[in-house]
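So this block is upload-v3.cif, mmCIF, C-alpha atoms and all ligand atoms:
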```cif
data_target
loop_
_atom_site.label_atom_id
_atom_site.label_comp_id
_atom_site.auth_asym_id
_atom_site.auth_seq_id
_atom_site.Cartn_x
_atom_site.Cartn_y
_atom_site.Cartn_z
CA MET A 211 -14.17 6.96 10.62
CA LYS A 212 -16.49 5.59 7.98
CA LEU A 213 -16.75 7.95 5.02
CA ARG A 214 -19.98 8.33 3.13
CA ASN A 215 -19.88 7.92 -0.62
CA SER A 216 -21.24 10.87 -2.57
CA ALA A 217 -23.85 10.35 -5.27
CA ARG A 218 -22.18 13.26 -7.06
CA ASN A 219 -19.64 12.26 -9.71
CA ILE A 220 -16.54 13.34 -7.80
CA ASN A 221 -13.48 14.21 -9.87
CA ARG A 222 -11.38 16.31 -7.49
CA ILE A 223 -10.42 16.48 -3.86
CA ILE A 224 -9.38 20.02 -2.96
CA ILE A 225 -7.34 20.83 0.16
CA HIS A 226 -7.70 24.11 2.06
CA SER A 227 -6.61 25.82 5.23
CA THR A 228 -8.96 27.82 7.45
CA ALA A 229 -6.54 30.78 7.13
CA THR A 230 -6.51 31.14 10.93
CA PRO A 231 -3.52 31.65 13.27
CA GLU A 232 -1.10 28.85 14.06
CA GLY A 233 -2.11 26.96 17.20
CA ARG A 234 -5.66 28.30 17.43
CA GLU A 235 -8.36 25.64 17.33
CA VAL A 236 -11.38 26.27 15.13
CA SER A 237 -14.56 24.18 15.25
CA VAL A 238 -17.01 23.11 12.58
CA ASP A 239 -19.50 25.41 14.31
CA ASP A 240 -17.12 28.39 14.00
CA ILE A 241 -16.65 27.84 10.27
CA THR A 242 -20.37 27.25 9.78
CA ARG A 243 -21.07 30.60 11.45
CA TRP A 244 -18.46 32.41 9.30
CA HIS A 245 -19.77 30.89 6.11
CA LYS A 246 -23.40 31.63 6.96
CA ASN A 247 -22.33 35.22 7.54
CA ARG A 248 -20.95 35.17 4.00
CA GLY A 249 -24.34 34.04 2.72
CA PHE A 250 -23.64 30.32 2.31
CA SER A 251 -26.31 27.83 3.35
CA THR A 252 -23.87 26.19 5.77
CA ILE A 253 -20.16 25.35 6.10
CA GLY A 254 -18.53 25.24 2.67
CA TYR A 255 -16.16 22.30 3.35
CA HIS A 256 -17.02 18.61 3.58
CA TYR A 257 -14.30 17.64 6.07
CA VAL A 258 -12.50 19.61 8.75
CA ILE A 259 -9.22 18.48 10.36
CA GLY A 260 -8.64 19.97 13.80
CA LEU A 261 -5.25 20.66 15.39
CA ASP A 262 -5.36 17.26 17.09
CA GLY A 263 -5.94 15.48 13.79
CA GLU A 264 -9.57 14.76 14.47
CA ILE A 265 -11.58 14.63 11.25
CA GLU A 266 -15.06 16.11 11.48
CA VAL A 267 -17.80 16.13 8.88
CA GLY A 268 -18.93 19.51 7.60
CA ARG A 269 -21.36 19.85 4.71
CA SER A 270 -22.92 16.61 3.50
CA VAL A 271 -20.88 15.06 0.69
CA GLN A 272 -24.15 14.70 -1.22
CA ASP A 273 -24.19 18.48 -1.63
CA SER A 274 -21.79 20.59 -3.68
CA GLY A 275 -19.42 22.47 -1.42
CA ALA A 276 -18.59 26.18 -1.43
CA HIS A 277 -14.80 26.27 -1.27
CA ALA A 278 -13.23 26.57 -4.74
CA LYS A 279 -14.94 28.82 -7.23
CA GLY A 280 -15.58 27.01 -10.48
CA TYR A 281 -14.75 23.59 -9.04
CA ASN A 282 -17.40 22.94 -6.41
CA ARG A 283 -19.91 20.85 -8.27
CA ARG A 284 -17.81 17.69 -8.59
CA SER A 285 -15.32 18.09 -5.78
CA ILE A 286 -14.84 17.27 -2.12
CA GLY A 287 -13.51 20.14 0.02
CA VAL A 288 -11.14 19.30 2.87
CA VAL A 289 -9.79 21.93 5.27
CA TYR A 290 -7.17 21.78 7.99
CA VAL A 291 -7.29 24.28 10.84
CA GLY A 292 -4.45 26.82 10.49
CA GLY A 293 -2.58 28.16 7.50
CA MET A 294 -1.45 31.55 8.87
CA ASN A 295 1.32 32.58 11.25
CA LYS A 296 0.45 33.66 14.79
CA THR A 297 0.21 37.36 13.99
CA MET A 298 -1.78 36.72 10.81
CA SER A 299 0.82 38.66 8.82
CA LYS A 300 1.54 35.86 6.37
CA ALA A 301 0.49 32.46 5.10
CA LYS A 302 2.31 29.61 6.82
CA ASP A 303 2.22 25.86 6.62
CA THR A 304 1.07 25.19 10.19
CA ARG A 305 0.05 21.55 9.85
CA THR A 306 0.66 19.68 13.06
CA GLU A 307 2.05 16.16 12.84
CA LEU A 308 -1.39 14.83 13.71
CA GLN A 309 -2.99 16.91 10.97
CA ASP A 310 -0.42 15.61 8.50
CA VAL A 311 -1.24 12.01 9.46
CA ALA A 312 -4.97 12.73 9.29
CA LEU A 313 -4.66 14.38 5.87
CA THR A 314 -2.67 11.43 4.56
CA ASN A 315 -5.24 8.94 5.82
CA LEU A 316 -8.23 10.98 4.66
CA ILE A 317 -6.78 11.44 1.16
CA LYS A 318 -6.07 7.70 0.93
CA SER A 319 -9.61 6.87 2.03
CA LEU A 320 -11.18 9.40 -0.34
CA LEU A 321 -9.15 8.02 -3.26
CA LYS A 322 -10.48 4.55 -2.46
CA LEU A 323 -14.03 5.93 -2.62
CA TYR A 324 -13.32 8.04 -5.70
CA PRO A 325 -10.51 6.24 -7.54
CA THR A 326 -10.55 8.49 -10.60
CA ALA A 327 -10.42 11.73 -8.60
CA THR A 328 -7.28 13.86 -8.43
CA VAL A 329 -6.05 15.78 -5.40
CA HIS A 330 -5.16 19.47 -5.40
CA GLY A 331 -4.48 22.49 -3.25
CA HIS A 332 -6.81 25.45 -3.54
CA ASN A 333 -3.75 27.42 -4.73
CA GLU A 334 -3.72 25.33 -7.92
CA PHE A 335 -7.01 26.95 -8.92
CA SER A 336 -6.65 30.49 -7.63
CA ASP A 337 -3.90 32.93 -6.70
CA LYS A 338 -4.60 32.39 -3.01
CA ALA A 339 -1.90 30.91 -0.76
CA CYS A 340 -4.40 28.38 0.60
CA PRO A 341 -3.58 25.77 1.89
CA SER A 342 -0.13 27.35 2.48
CA PHE A 343 1.79 24.36 1.11
CA ASN A 344 2.22 22.47 -2.17
CA VAL A 345 -0.21 19.54 -2.16
CA GLN A 346 1.53 17.78 -5.06
CA GLU A 347 4.90 17.89 -3.29
CA GLU A 348 3.57 16.95 0.14
CA TYR A 349 1.05 14.24 -0.72
CA GLY A 350 1.87 13.27 -4.31
CA PHE A 351 3.51 10.08 -3.05
CA ILE A 352 0.00 8.78 -2.38
CA TRP A 353 -1.23 8.91 -5.97
CA GLU A 354 1.78 9.27 -8.22
CA PRO A 355 2.29 8.66 -11.07
CA LYS A 356 -1.31 9.58 -11.93
CA GLU A 357 -1.23 12.45 -14.43
CA THR A 358 -3.14 15.48 -13.21
CA LYS A 359 -2.13 18.32 -15.50
CA ASP A 360 -4.86 17.87 -18.09
CA LEU A 361 -7.47 18.02 -15.39
CA LEU A 362 -6.72 21.59 -14.43
CA ILE A 363 -8.71 23.01 -17.31
CA LYS A 364 -11.57 24.94 -15.80
CA GLU A 365 -15.00 23.49 -16.10
CA GLU A 366 -17.92 25.47 -17.38
CA GLU A 367 -19.10 28.23 -15.12
CA GLU A 368 -21.11 26.99 -12.21
CA ASN A 369 -23.54 28.74 -9.97
CA ASP A 370 -21.37 28.67 -6.93
CA GLU A 371 -22.19 30.22 -3.64
CA GLU A 372 -18.63 31.46 -3.44
ZN ZN B 1 -9.01 27.49 0.23
#
```

Have the structure of the file written as structure tokens, please.
Amino acid sequence: MKLRNSARNINRIIIHSTATPEGREVSVDDITRWHKNRGFSTIGYHYVIGLDGEIEVGRSVQDSGAHAKGYNRRSIGVVYVGGMNKTMSKAKDTRTELQDVALTNLIKSLLKLYPTATVHGHNEFSDKACPSFNVQEEYGFIWEPKETKDLLIKEEEENDEE
């Protein structure tokens, strides 16, 4: 797929899970409905990766997302469908092989568009389990040895929807 370049000055790519049960498909429309119910203008994520690895566009990349409080203004939000076990009793890394391939390819493509951006899991910015795995360990091979630690200092407060 051809990715659109954002006019925003993107400095981070943040990975999420939908926090839904393993094996259950979730559509962009579903997430849009949930997020509207939470008072957002539309879906909070820019890209959604379905169980089959299909990458769908959510919110326009021109607009700030609503996915990581304090970090939305200059980031791209990516979510894979899953992240919880079947009974919803605990967080679980439920990435399918196709989702893993799609995440790898999407991260590579986004880093070509935004070469100075760094890539993170939501759990690096909050005490949530999301995305239920360690992004640095799983995908760090793509960007290493780029140093990311200094970039974790929180930006000034933003007027986030979330
Ligand atoms: Zn998240």

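Among A:Leu316, A:Val267, A:Ala301, A:Leu308, the residue with the shortest atom-to-atom distance to ligand ZN 1 (chain B), counting only C-alpha atoms and all ligand atoms, is A:Ala301.
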
Any residue with an atom at most 7 Å from ligand ZN 1 (chain B) counts, using only C-alpha atoms and all ligand atoms. Which are they? Put them as a ChimeraX atom specification. /A:225-227,277-278,332,340-341

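Of the residues under consideration (A:Asn315, A:Thr304, A:Asn295, A:Asn282), A:Asn282 shows the shortest atom-to-atom contact distance to Phe335 (chain A) when counting only C-alpha atoms.
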
Point-to-point distance from CA of Gly249 (chain A) to CA of Asp273 (chain A), Å rounded to tenths: 16.2 Å

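Candidate residues A:Ala276, A:Glu232, A:Thr328, A:Ser299 were compared for distance to Pro355 (chain A), and the nearest is A:Thr328, using only C-alpha atoms.
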
Near-Pro325 (chain A) list (10 Å; only C-alpha atoms; drop same-chain fewer than 5 positions) as a list in words: Ile220, Asn221, Lys318, Ser319, Leu320 and Trp353 of chain A

Just the selected residues (C-alpha atoms), exported as an mmCIF file, in the coordinates of the input, please.
```cif
data_model
loop_
_atom_site.group_PDB
_atom_site.id
_atom_site.type_symbol
_atom_site.label_atom_id
_atom_site.label_comp_id
_atom_site.auth_asym_id
_atom_site.auth_seq_id
_atom_site.Cartn_x
_atom_site.Cartn_y
_atom_site.Cartn_z
ATOM 1 C CA ILE A 220 -16.540 13.340 -7.800
ATOM 2 C CA ASN A 221 -13.480 14.210 -9.870
ATOM 3 C CA LYS A 318 -6.070 7.700 0.930
ATOM 4 C CA SER A 319 -9.610 6.870 2.030
ATOM 5 C CA LEU A 320 -11.180 9.400 -0.340
ATOM 6 C CA TRP A 353 -1.230 8.910 -5.970
#
```

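CA of Ser336 (chain A) to CA of Val271 (chain A) spans 22.6 Å [interatomic distance, one decimal].
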
Which protein, DNA or RNA residues are at most 10 Å from (-8.1, 14.7, 13.2) in the file's coordinates when you count only C-alpha atoms, listed as a PyMOL selection string? chain A and resi 257-266+290-291+308-313+315-316

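Distances to Ile223 (chain A) were evaluated for A:His330, A:Lys302, A:His256, A:Lys338 using all atoms listed in the file, and the minimum falls at A:His330.
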
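With CA of Thr242 (chain A) on one side and CA of Tyr349 (chain A) on the other, the separation reads 27.2 Å.
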
Exercise on region 211-215 of chain A, axis-aligned box with 8 Å per side, report centre and edge lengths in Å to one decimal, as JSON:
```
{"center_x": -17.1, "center_y": 7.0, "center_z": 5.0, "size_x": 21.8, "size_y": 18.7, "size_z": 27.2}
```

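Near Arg218 (chain A), within 10 Å and counting all atoms listed in the file, sit Asn215, Asn221, Val271, Gln272, Asp273, Ser274, Arg283, Arg284, Ser285 and Ile286 of chain A, not including residues fewer than 3 positions from it in the same chain.
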
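Point (-18.5, 33.7, 5.0) has the following residues at most 12 Å away: Thr228, Asp240, Ile241, Thr242, Arg243, Trp244, His245, Lys246, Asn247, Arg248, Gly249, Phe250, Ser251, Thr252, Ile253, Gly254, Tyr255, Ala276, His277, Glu371 and Glu372 of chain A (atoms considered: all atoms listed in the file).
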
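Residue nearest Ser237 (chain A), chosen from A:Ser270, A:Val289, A:Gln346, A:Ile352 and counting all atoms listed in the file: A:Val289.
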
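Distances to Lys300 (chain A) were evaluated for A:Ala339, A:Val238, A:Ile317, A:Ala327 using all atoms listed in the file, and the minimum falls at A:Ala339.
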